[in-house]
Amino acid sequence: MDDDIRTEYRRRLEVRRNSQKQLNQRHTNLGNGRLVLAILAIYLGVKAFAYHALSPIWILFPVFVFLLLAIIHEYVIRALSRSSRAIAFYARGLARLENRWIGTGETGDRFLDSSHPYSTDLDLFGQGSLFQLLSTARTPMGEDTLAEWLTRAAPVRVVRQRQQLVSELRPKLDLREDLAVIAESLRSRIHPKALSSWGEGKLLLKGHWVRIIALVLGCLGILSLVAWATWGTRSFFVIMVVVNVSFSLWFRKRIQVAVDAAEAAVHDLVLLSEVLARFERETFQTPRLVELQSSLKTHGWPPSRRIARLNRLIVLLDSRKNLFIKVVDPLVFWTLQLAFLVEAWRKESGSAIRGWLSAVGELEALLALSNYSFEHPGNALPEIVEEGPCFIGEGIAHPLIPEGRAVRNDLQLDRQIRIMVVSGSNMSGKSTLLRTVGIDTALALAGASVPAQRLRLSPLAIGASIHVQDSLQSGVSRFYAEITRLRRILDLTLEPLPVLFLVDEFLQGTNSHDRRIGAEAIVRSLVKRGAIGLVTTHDLALTQIAEELSPLARNVHFEDQLIEGQLHFDYKLRPGIVQKSNALELMRSVGIDV
């Protein structure tokens with residue numbers, strides 16, 4: 001199946017590249033043609049005006065053809081841009097399939113939060129992160145929504161709904177390509193908070209009577225100009241100029257504020273309208289997608305039409321910079337009337353902008369998850385259950401490890417088996433197992449498919465202590481940083497959701513005696529509060545915790561083999577306590593005499 005997807009991507013990439021070659025050739029030909037026509041027009045101009053050898057009307061022919069070619073050339077340039085973006089879309093898709101994706105997408109660094117209970121430990125954001133693998137979003141709203149889904153477990157009903165949506169969107173490759181082509185440059189150019197604030201903000205121009213007075217005065221101003229030109233009644237014109245200019249100056253500041261705010265916001269909206277228009281054209285079956293599509297309409301009008309109407313008003317408003325309009329504006333109130341029309345649009349449709357942005361964000365997050373599912377057909381769609389705590393996985397793997405290298409394991413954590421103490425030698429796979437369980441849980445509760453043969457899961461609050469660091473600047477030791485993290489995990493158990501705890505190398509910064517007592521106390525407290533989880537350790541004394549908490553706890557381990565002086569790992573999880581250590585062998589392998 002992976003090969004079929006790779007073949008389809010390569011086929012489409014080749015088609016787009018061939019199209020780009022043809023467009024490049026057309027671009028060159030049109031450029032040369034325009035140059036020839038410009039030279040011809042100059043030549044005919046010289047012949048007509050310098051030598052009077054022919055009629056100046058002959059110049060119109062090359063000028064007309066030049067303008068026609070200029071219009072065609074503009075379309076070709078736009079098509080070239082779209083073609084380049086489509087090529088980039090499939091090239092990045094192939095990079096993901098061939099494990100060359102690290103460094104090719106958005107890292108989500110702005111979502112890094114050291115205080116979050118698991119995002120740093122599970123590599124959700126940053127270079128080579130889950131976000132970088134998943135995110136195909138082109139707007140800030142899409143990135144924000146995807147990040148929120150990965151860092152906050154959704155209710156069972158919502159997760160199941162997202163799974164349905166992902167299943168419907170999964171085969172819609174054309175939709176994902178179209179949105180990638182349309183929205184490639186939107187990430188840095190749309191400012192959702194400013195846009196929503198403008199739409200929902202207080203109206204800057206009020207008073208229906210002001211528009212009526214302006215309309216009446218504008219008509220009188222035009223009549224006075226006509227009267228002056230026709231009958232020479234200049235006094236009427238002078239009076240109207242004084243009255244209308246005074247009226248314009250009275251509202252000048254408020255009009256300027258309204259116009260500046262509108263122009264800045266509409267630029268973002270016009271960019272967004274293409275995305276919304278493409279979404280409007282798509283046919284959906286799942287009730288939530290149909291509902292999402294319908295919710296965009298304001299008074300029966302889709303957002304693309306509403307935004308197009310606003311854009312026309314802004315284009316007319318922009319014409320106030322024309323010299324002729326500048327001259328007559330104080331007399332006919334061109335800017336004032338259009339500013340009031342823009343404010344009327346904002347009053348009618350401005351409150352819908354936040355909904356449009358939210359819909360685009362949700363759609364892009366769903367498309368990111370559906371694209372991941374499409375590119376990983378071997379993944380399983382998790383079974384989400386109400387009763388917990390529960391994590392029962394068959395053949396689970398880590399999504400950031402290439403499928404060809406990933407070693408799959410089975411794992412069961414539920415009411416019968418609440419904790420597994422994982423022992424094993426260095427580099428045998430203990431930390432990776434913890435990260436696998438955590439990141440698969442985050443993926444599943446976001447509504448995505450997971451790299452597993454089967455996964456049965458209840459909503460869980462993840463609490464992880466894997467990537468713990470000291471801080472020289474804050475004067476915090478590693479041990480203090482770890483116990484602070486453990487305190488946070490214990491605090492999570494006070495929340496409604498059952499906790500999935502993932503603790504790597506319990507209490508390394510203290511002696512074996514204190515570690516044994518502290519670890520047992522923390523584990524007992526977690527189990528008593530209904531949590532489930534995994535604990536890894538090098539200290540085999542901690543494996544006694546599982547024996548004392550039996551049958552709610554079990555010992556499992558990873559092991560290695562020394563073959564011809566080289567350590568080999570199979571990364572397979574086995575029952576029981578590890579029986580050997582590789583620390584001395586690793587020291588000898590790097591030349592330390594022990």
# chains A, B, ... in the order shown; residues from 1 in each chain; ligands from 1
>>> residues_around(residues="Ser273 (chain A)", least_positions_apart="4", cutoff="12 Å", atoms="only C-alpha atoms", output="number ranges by chain")
A: 179, 182-183, 186, 190, 266-269, 277-280, 296, 302-311, 353, 356-357, 360
>>> write_last_selection(atoms="N, CA and C atoms", output="CSV table (one decimal), in the first residue's frame")
chain,number,residue,atom,x,y,z
A,179,LEU,N,-5.8,23.1,-1.7
A,179,LEU,CA,-5.7,24.0,-0.5
A,179,LEU,C,-4.2,24.4,-0.3
A,182,ILE,N,-3.4,27.0,-3.1
A,182,ILE,CA,-4.1,28.3,-2.8
A,182,ILE,C,-3.4,29.0,-1.6
A,183,ALA,N,-3.2,28.2,-0.5
A,183,ALA,CA,-2.9,28.9,0.7
A,183,ALA,C,-1.4,28.8,1.1
A,186,LEU,N,-0.2,31.9,3.2
A,186,LEU,CA,-1.1,32.5,4.1
A,186,LEU,C,-0.5,32.5,5.6
A,190,ILE,N,-1.7,36.2,7.4
A,190,ILE,CA,-3.0,36.3,8.0
A,190,ILE,C,-2.8,36.4,9.5
A,266,VAL,N,-9.2,43.6,5.3
A,266,VAL,CA,-9.7,43.1,4.1
A,266,VAL,C,-8.6,42.4,3.3
A,267,HIS,N,-7.4,42.9,3.4
A,267,HIS,CA,-6.2,42.2,2.7
A,267,HIS,C,-6.2,40.7,3.2
A,268,ASP,N,-6.3,40.5,4.5
A,268,ASP,CA,-6.3,39.2,5.0
A,268,ASP,C,-7.5,38.4,4.6
A,269,LEU,N,-8.6,39.0,4.6
A,269,LEU,CA,-9.9,38.3,4.2
A,269,LEU,C,-9.9,37.8,2.7
A,277,ALA,N,-13.7,29.5,-0.5
A,277,ALA,CA,-14.4,29.1,-1.7
A,277,ALA,C,-14.2,27.7,-2.1
A,278,ARG,N,-12.9,27.2,-1.9
A,278,ARG,CA,-12.6,25.8,-2.3
A,278,ARG,C,-13.3,24.9,-1.3
A,279,PHE,N,-13.4,25.2,-0.1
A,279,PHE,CA,-14.1,24.4,0.9
A,279,PHE,C,-15.6,24.4,0.6
A,280,GLU,N,-16.2,25.5,0.1
A,280,GLU,CA,-17.6,25.6,-0.2
A,280,GLU,C,-17.9,24.6,-1.4
A,296,LEU,N,-20.9,28.4,7.8
A,296,LEU,CA,-20.2,29.5,7.3
A,296,LEU,C,-21.1,30.6,6.7
A,302,PRO,N,-22.7,32.5,1.2
A,302,PRO,CA,-21.4,31.9,1.6
A,302,PRO,C,-20.4,33.0,1.8
A,303,PRO,N,-19.3,32.7,2.7
A,303,PRO,CA,-18.3,33.7,3.0
A,303,PRO,C,-17.6,34.2,1.8
A,304,SER,N,-17.3,33.4,0.8
A,304,SER,CA,-16.6,33.8,-0.4
A,304,SER,C,-17.3,35.0,-1.1
A,305,ARG,N,-18.6,34.9,-1.2
A,305,ARG,CA,-19.4,36.0,-1.8
A,305,ARG,C,-19.4,37.2,-1.0
A,306,ARG,N,-19.5,37.0,0.3
A,306,ARG,CA,-19.5,38.2,1.2
A,306,ARG,C,-18.2,38.9,1.2
A,307,ILE,N,-17.1,38.1,1.2
A,307,ILE,CA,-15.8,38.7,1.2
A,307,ILE,C,-15.6,39.4,-0.2
A,308,ALA,N,-16.1,38.8,-1.3
A,308,ALA,CA,-15.9,39.4,-2.6
A,308,ALA,C,-16.6,40.8,-2.6
A,309,ARG,N,-17.8,40.8,-2.0
A,309,ARG,CA,-18.5,42.1,-1.9
A,309,ARG,C,-17.7,43.2,-1.2
A,310,LEU,N,-17.2,42.8,-0.1
A,310,LEU,CA,-16.4,43.7,0.7
A,310,LEU,C,-15.1,44.1,-0.1
A,311,ASN,N,-14.6,43.2,-0.8
A,311,ASN,CA,-13.4,43.5,-1.6
A,311,ASN,C,-13.7,44.6,-2.7
A,353,ILE,N,-16.7,36.4,11.1
A,353,ILE,CA,-15.3,36.2,10.8
A,353,ILE,C,-14.7,35.2,11.7
A,356,TRP,N,-15.6,31.8,10.6
A,356,TRP,CA,-14.9,31.4,9.3
A,356,TRP,C,-13.5,31.0,9.7
A,357,LEU,N,-12.8,31.7,10.5
A,357,LEU,CA,-11.4,31.4,10.9
A,357,LEU,C,-11.4,30.1,11.6
A,360,VAL,N,-11.9,27.2,9.1
A,360,VAL,CA,-10.7,26.9,8.3
A,360,VAL,C,-9.7,26.2,9.2
>>> residues_around(residues="region 319-331 of chain A", least_positions_apart="5", cutoff="12 Å", atoms="only C-alpha atoms", output="NGL selection string")
:A and (214-225 or 237-252 or 256 or 259 or 312-314 or 336-339)
>>> residues_around(residues="Ala91 (chain A)", least_positions_apart="6", cutoff="12 Å", atoms="only C-alpha atoms", output="list in words")
Arg6, Glu8, Tyr9, Arg10, Arg11, Arg12, Leu13, Glu14, Arg16, Arg17, Ser84, Arg85, Leu97, Glu98, Arg100, Trp101, Thr104, Gly105 and Glu177 of chain A
>>> closest_residue(among="A:Gly395, A:Leu175, A:Ala553, A:His538", to="Arg415 (chain A)", atoms="only C-alpha atoms")
A:Ala553
>>> atom_distance(atom1="CA of Pro399 (chain A)", atom2="CA of Asp174 (chain A)")
24.9 Å
>>> closest_residue(among="A:Ser114, A:Ser197, A:Ser370, A:Ser525", to="Arg487 (chain A)", atoms="only C-alpha atoms")
A:Ser525
>>> atom_distance(atom1="CA of Glu387 (chain A)", atom2="CA of Asn409 (chain A)")
23.6 Å
>>> closest_residue(among="A:Leu40, A:Ile545, A:Ala344, A:Leu130", to="Leu150 (chain A)", atoms="only C-alpha atoms")
A:Leu130
>>> select_by_dssp(residues="region 58-191 of chain A", states="alpha helix (DSSP H)", output="PyMOL selection string")
chain A and resi 60-97+130-134+140-151+156-169+173-182
>>> closest_residue(among="A:Ala452, A:Leu460, A:Val332, A:Ile255", to="Gly388 (chain A)", atoms="only C-alpha atoms")
A:Leu460
>>> residues_around(residues="Thr120 (chain A)", least_positions_apart="3", cutoff="10 Å", atoms="only C-alpha atoms", output="tab-separated table (two decimals) with N, CA and C atoms, in the first residue's frame")
chain	number	residue	atom	x	y	z
A	111	PHE	N	4.75	26.62	19.98
A	111	PHE	CA	3.89	25.89	20.91
A	111	PHE	C	4.68	25.19	22.02
A	112	LEU	N	6.00	25.31	21.98
A	112	LEU	CA	6.81	24.68	23.03
A	112	LEU	C	6.48	25.28	24.39
A	113	ASP	N	6.27	24.40	25.36
A	113	ASP	CA	5.87	24.85	26.70
A	113	ASP	C	6.45	23.89	27.72
A	114	SER	N	7.48	24.34	28.42
A	114	SER	CA	8.16	23.46	29.38
A	114	SER	C	7.26	23.08	30.55
A	115	SER	N	6.19	23.82	30.78
A	115	SER	CA	5.30	23.52	31.89
A	115	SER	C	4.19	22.53	31.50
A	116	HIS	N	4.10	22.20	30.22
A	116	HIS	CA	3.06	21.25	29.79
A	116	HIS	C	3.41	19.85	30.29
A	117	PRO	N	2.42	19.06	30.69
A	117	PRO	CA	2.72	17.77	31.33
A	117	PRO	C	3.34	16.71	30.44
A	123	ASP	N	8.22	14.90	22.39
A	123	ASP	CA	8.66	15.49	21.12
A	123	ASP	C	7.49	15.87	20.22
A	124	LEU	N	6.50	16.53	20.82
A	124	LEU	CA	5.36	16.96	20.01
A	124	LEU	C	5.71	18.14	19.12
A	125	PHE	N	6.63	19.01	19.57
A	125	PHE	CA	6.99	20.20	18.81
A	125	PHE	C	8.51	20.32	18.73
A	126	GLY	N	8.96	21.03	17.69
A	126	GLY	CA	10.39	21.23	17.49
A	126	GLY	C	10.88	20.48	16.26
A	129	SER	N	9.85	16.72	15.07
A	129	SER	CA	8.76	16.44	16.01
A	129	SER	C	7.55	15.84	15.30
A	464	ALA	N	4.14	12.96	32.03
A	464	ALA	CA	5.41	12.32	31.68
A	464	ALA	C	6.58	12.97	32.41
A	465	SER	N	7.52	12.12	32.80
A	465	SER	CA	8.79	12.59	33.36
A	465	SER	C	9.89	11.80	32.65
A	466	ILE	N	10.22	12.26	31.46
A	466	ILE	CA	11.19	11.56	30.61
A	466	ILE	C	12.38	12.46	30.30
A	467	HIS	N	12.05	13.64	29.80
A	467	HIS	CA	13.09	14.58	29.40
A	467	HIS	C	13.21	15.67	30.47
A	468	VAL	N	13.86	15.33	31.58
A	468	VAL	CA	13.99	16.26	32.70
A	468	VAL	C	15.41	16.82	32.72
>>> closest_residue(among="A:Glu547, A:Glu559, A:Asp260, A:Asp570", to="Val407 (chain A)", atoms="only C-alpha atoms")
A:Asp570
>>> residues_around(residues="Ser358 (chain A)", least_positions_apart="6", cutoff="9 Å", atoms="only C-alpha atoms", output="NGL selection string")
:A and (141-142 or 145)
>>> closest_residue(among="A:Arg96, A:Arg408, A:Arg34, A:Lys21", to="His73 (chain A)", atoms="only C-alpha atoms")
A:Arg34
>>> residues_around(residues="Leu507 (chain A)", least_positions_apart="5", cutoff="8 Å", atoms="only C-alpha atoms", output="list of chain:residue names")
A:Phe479, A:Glu482, A:Ile483, A:Arg515, A:Gly518, A:Ala519
>>> write_last_selection(atoms="C-alpha atoms", output="JSON list (two decimals), in the first residue's frame")
[["chain", "number", "residue", "atom", "x", "y", "z"],
["A", 479, "PHE", "CA", 16.66, 15.82, 41.14],
["A", 482, "GLU", "CA", 12.31, 15.60, 38.54],
["A", 483, "ILE", "CA", 10.42, 15.65, 41.85],
["A", 515, "ARG", "CA", 15.08, 6.05, 45.72],
["A", 518, "GLY", "CA", 10.38, 7.42, 47.42],
["A", 519, "ALA", "CA", 9.57, 5.49, 44.23]]
>>> residues_around(residues="Val159 (chain A)", least_positions_apart="3", cutoff="9 Å", atoms="only C-alpha atoms", output="mmCIF file with C-alpha atoms, in the first residue's frame")
data_model
loop_
_atom_site.group_PDB
_atom_site.id
_atom_site.type_symbol
_atom_site.label_atom_id
_atom_site.label_comp_id
_atom_site.auth_asym_id
_atom_site.auth_seq_id
_atom_site.Cartn_x
_atom_site.Cartn_y
_atom_site.Cartn_z
ATOM 1 C CA ALA A 153 -7.443 15.106 25.203
ATOM 2 C CA ALA A 154 -10.894 15.449 23.656
ATOM 3 C CA PRO A 155 -14.064 13.784 25.002
ATOM 4 C CA VAL A 156 -14.975 10.355 23.597
ATOM 5 C CA ARG A 162 -13.004 13.335 14.311
ATOM 6 C CA GLN A 163 -12.248 9.748 13.339
ATOM 7 C CA GLN A 164 -15.290 9.774 11.029
ATOM 8 C CA ILE A 384 -12.140 4.729 21.952
ATOM 9 C CA ALA A 444 -5.336 8.678 19.250
ATOM 10 C CA LEU A 445 -7.070 11.253 21.459
ATOM 11 C CA ALA A 446 -6.578 13.890 18.748
ATOM 12 C CA GLY A 447 -8.632 11.694 16.402
ATOM 13 C CA ALA A 448 -5.769 10.328 14.294
#
>>> decode(residues="region 370-402 of chain A", atoms="N, CA and C atoms", output="PDB file, in the first residue's frame")
ATOM      1  N   SER A 370      -5.920  13.486   8.265  1.00  0.00           N
ATOM      2  CA  SER A 370      -6.341  12.587   7.183  1.00  0.00           C
ATOM      3  C   SER A 370      -5.177  12.306   6.226  1.00  0.00           C
ATOM      4  N   ASN A 371      -4.319  13.300   6.018  1.00  0.00           N
ATOM      5  CA  ASN A 371      -3.151  13.098   5.162  1.00  0.00           C
ATOM      6  C   ASN A 371      -2.190  12.090   5.790  1.00  0.00           C
ATOM      7  N   TYR A 372      -2.015  12.192   7.122  1.00  0.00           N
ATOM      8  CA  TYR A 372      -1.169  11.231   7.835  1.00  0.00           C
ATOM      9  C   TYR A 372      -1.745   9.822   7.712  1.00  0.00           C
ATOM     10  N   SER A 373      -3.056   9.704   7.859  1.00  0.00           N
ATOM     11  CA  SER A 373      -3.704   8.403   7.719  1.00  0.00           C
ATOM     12  C   SER A 373      -3.562   7.868   6.296  1.00  0.00           C
ATOM     13  N   PHE A 374      -3.695   8.746   5.305  1.00  0.00           N
ATOM     14  CA  PHE A 374      -3.560   8.350   3.895  1.00  0.00           C
ATOM     15  C   PHE A 374      -2.164   7.825   3.605  1.00  0.00           C
ATOM     16  N   GLU A 375      -1.146   8.497   4.151  1.00  0.00           N
ATOM     17  CA  GLU A 375       0.237   8.110   3.883  1.00  0.00           C
ATOM     18  C   GLU A 375       0.705   6.936   4.736  1.00  0.00           C
ATOM     19  N   HIS A 376      -0.108   6.520   5.714  1.00  0.00           N
ATOM     20  CA  HIS A 376       0.239   5.368   6.572  1.00  0.00           C
ATOM     21  C   HIS A 376      -0.947   4.413   6.608  1.00  0.00           C
ATOM     22  N   PRO A 377      -1.199   3.736   5.493  1.00  0.00           N
ATOM     23  CA  PRO A 377      -2.390   2.863   5.411  1.00  0.00           C
ATOM     24  C   PRO A 377      -2.337   1.677   6.369  1.00  0.00           C
ATOM     25  N   GLY A 378      -1.148   1.331   6.884  1.00  0.00           N
ATOM     26  CA  GLY A 378      -1.033   0.232   7.832  1.00  0.00           C
ATOM     27  C   GLY A 378      -1.421   0.610   9.248  1.00  0.00           C
ATOM     28  N   ASN A 379      -1.666   1.902   9.484  1.00  0.00           N
ATOM     29  CA  ASN A 379      -2.057   2.349  10.817  1.00  0.00           C
ATOM     30  C   ASN A 379      -3.462   1.860  11.180  1.00  0.00           C
ATOM     31  N   ALA A 380      -3.716   1.808  12.474  1.00  0.00           N
ATOM     32  CA  ALA A 380      -5.040   1.413  12.961  1.00  0.00           C
ATOM     33  C   ALA A 380      -5.788   2.637  13.478  1.00  0.00           C
ATOM     34  N   LEU A 381      -7.099   2.609  13.310  1.00  0.00           N
ATOM     35  CA  LEU A 381      -7.941   3.641  13.909  1.00  0.00           C
ATOM     36  C   LEU A 381      -8.321   3.142  15.300  1.00  0.00           C
ATOM     37  N   PRO A 382      -7.900   3.829  16.350  1.00  0.00           N
ATOM     38  CA  PRO A 382      -8.113   3.322  17.707  1.00  0.00           C
ATOM     39  C   PRO A 382      -9.594   3.160  18.063  1.00  0.00           C
ATOM     40  N   GLU A 383      -9.855   2.181  18.909  1.00  0.00           N
ATOM     41  CA  GLU A 383     -11.187   2.009  19.477  1.00  0.00           C
ATOM     42  C   GLU A 383     -11.226   2.823  20.773  1.00  0.00           C
ATOM     43  N   ILE A 384     -12.048   3.846  20.788  1.00  0.00           N
ATOM     44  CA  ILE A 384     -12.140   4.729  21.952  1.00  0.00           C
ATOM     45  C   ILE A 384     -13.316   4.270  22.818  1.00  0.00           C
ATOM     46  N   VAL A 385     -13.030   3.965  24.076  1.00  0.00           N
ATOM     47  CA  VAL A 385     -14.062   3.451  24.977  1.00  0.00           C
ATOM     48  C   VAL A 385     -14.300   4.437  26.115  1.00  0.00           C
ATOM     49  N   GLU A 386     -15.505   4.379  26.671  1.00  0.00           N
ATOM     50  CA  GLU A 386     -15.877   5.287  27.756  1.00  0.00           C
ATOM     51  C   GLU A 386     -15.195   4.898  29.064  1.00  0.00           C
ATOM     52  N   GLU A 387     -15.248   3.591  29.395  1.00  0.00           N
ATOM     53  CA  GLU A 387     -14.756   3.138  30.688  1.00  0.00           C
ATOM     54  C   GLU A 387     -13.243   3.021  30.681  1.00  0.00           C
ATOM     55  N   GLY A 388     -12.628   3.520  31.730  1.00  0.00           N
ATOM     56  CA  GLY A 388     -11.191   3.462  31.821  1.00  0.00           C
ATOM     57  C   GLY A 388     -10.760   3.284  33.255  1.00  0.00           C
ATOM     58  N   PRO A 389      -9.472   3.398  33.494  1.00  0.00           N
ATOM     59  CA  PRO A 389      -8.432   3.696  32.502  1.00  0.00           C
ATOM     60  C   PRO A 389      -8.098   2.464  31.665  1.00  0.00           C
ATOM     61  N   CYS A 390      -7.694   2.712  30.416  1.00  0.00           N
ATOM     62  CA  CYS A 390      -7.449   1.588  29.517  1.00  0.00           C
ATOM     63  C   CYS A 390      -6.475   1.992  28.403  1.00  0.00           C
ATOM     64  N   PHE A 391      -5.415   1.202  28.250  1.00  0.00           N
ATOM     65  CA  PHE A 391      -4.522   1.301  27.093  1.00  0.00           C
ATOM     66  C   PHE A 391      -4.110  -0.128  26.747  1.00  0.00           C
ATOM     67  N   ILE A 392      -4.747  -0.705  25.733  1.00  0.00           N
ATOM     68  CA  ILE A 392      -4.439  -2.069  25.310  1.00  0.00           C
ATOM     69  C   ILE A 392      -4.005  -2.004  23.846  1.00  0.00           C
ATOM     70  N   GLY A 393      -2.724  -2.191  23.611  1.00  0.00           N
ATOM     71  CA  GLY A 393      -2.189  -2.067  22.265  1.00  0.00           C
ATOM     72  C   GLY A 393      -1.554  -3.348  21.777  1.00  0.00           C
ATOM     73  N   GLU A 394      -1.810  -3.655  20.515  1.00  0.00           N
ATOM     74  CA  GLU A 394      -1.171  -4.792  19.861  1.00  0.00           C
ATOM     75  C   GLU A 394      -0.318  -4.264  18.712  1.00  0.00           C
ATOM     76  N   GLY A 395       0.947  -4.610  18.728  1.00  0.00           N
ATOM     77  CA  GLY A 395       1.841  -4.174  17.663  1.00  0.00           C
ATOM     78  C   GLY A 395       1.998  -2.678  17.593  1.00  0.00           C
ATOM     79  N   ILE A 396       2.168  -2.029  18.750  1.00  0.00           N
ATOM     80  CA  ILE A 396       2.307  -0.572  18.747  1.00  0.00           C
ATOM     81  C   ILE A 396       3.736  -0.176  18.375  1.00  0.00           C
ATOM     82  N   ALA A 397       3.876   0.958  17.705  1.00  0.00           N
ATOM     83  CA  ALA A 397       5.186   1.463  17.290  1.00  0.00           C
ATOM     84  C   ALA A 397       5.195   2.975  17.450  1.00  0.00           C
ATOM     85  N   HIS A 398       6.370   3.551  17.340  1.00  0.00           N
ATOM     86  CA  HIS A 398       6.530   5.012  17.469  1.00  0.00           C
ATOM     87  C   HIS A 398       6.362   5.651  16.094  1.00  0.00           C
ATOM     88  N   PRO A 399       5.495   6.686  15.967  1.00  0.00           N
ATOM     89  CA  PRO A 399       5.237   7.286  14.653  1.00  0.00           C
ATOM     90  C   PRO A 399       6.435   8.003  14.040  1.00  0.00           C
ATOM     91  N   LEU A 400       7.430   8.388  14.842  1.00  0.00           N
ATOM     92  CA  LEU A 400       8.583   9.103  14.297  1.00  0.00           C
ATOM     93  C   LEU A 400       9.714   8.161  13.893  1.00  0.00           C
ATOM     94  N   ILE A 401       9.540   6.861  14.150  1.00  0.00           N
ATOM     95  CA  ILE A 401      10.520   5.865  13.709  1.00  0.00           C
ATOM     96  C   ILE A 401      10.022   5.280  12.396  1.00  0.00           C
ATOM     97  N   PRO A 402      10.847   5.273  11.337  1.00  0.00           N
ATOM     98  CA  PRO A 402      10.402   4.736  10.044  1.00  0.00           C
ATOM     99  C   PRO A 402       9.851   3.321  10.184  1.00  0.00           C
TER     100      PRO A 402
END
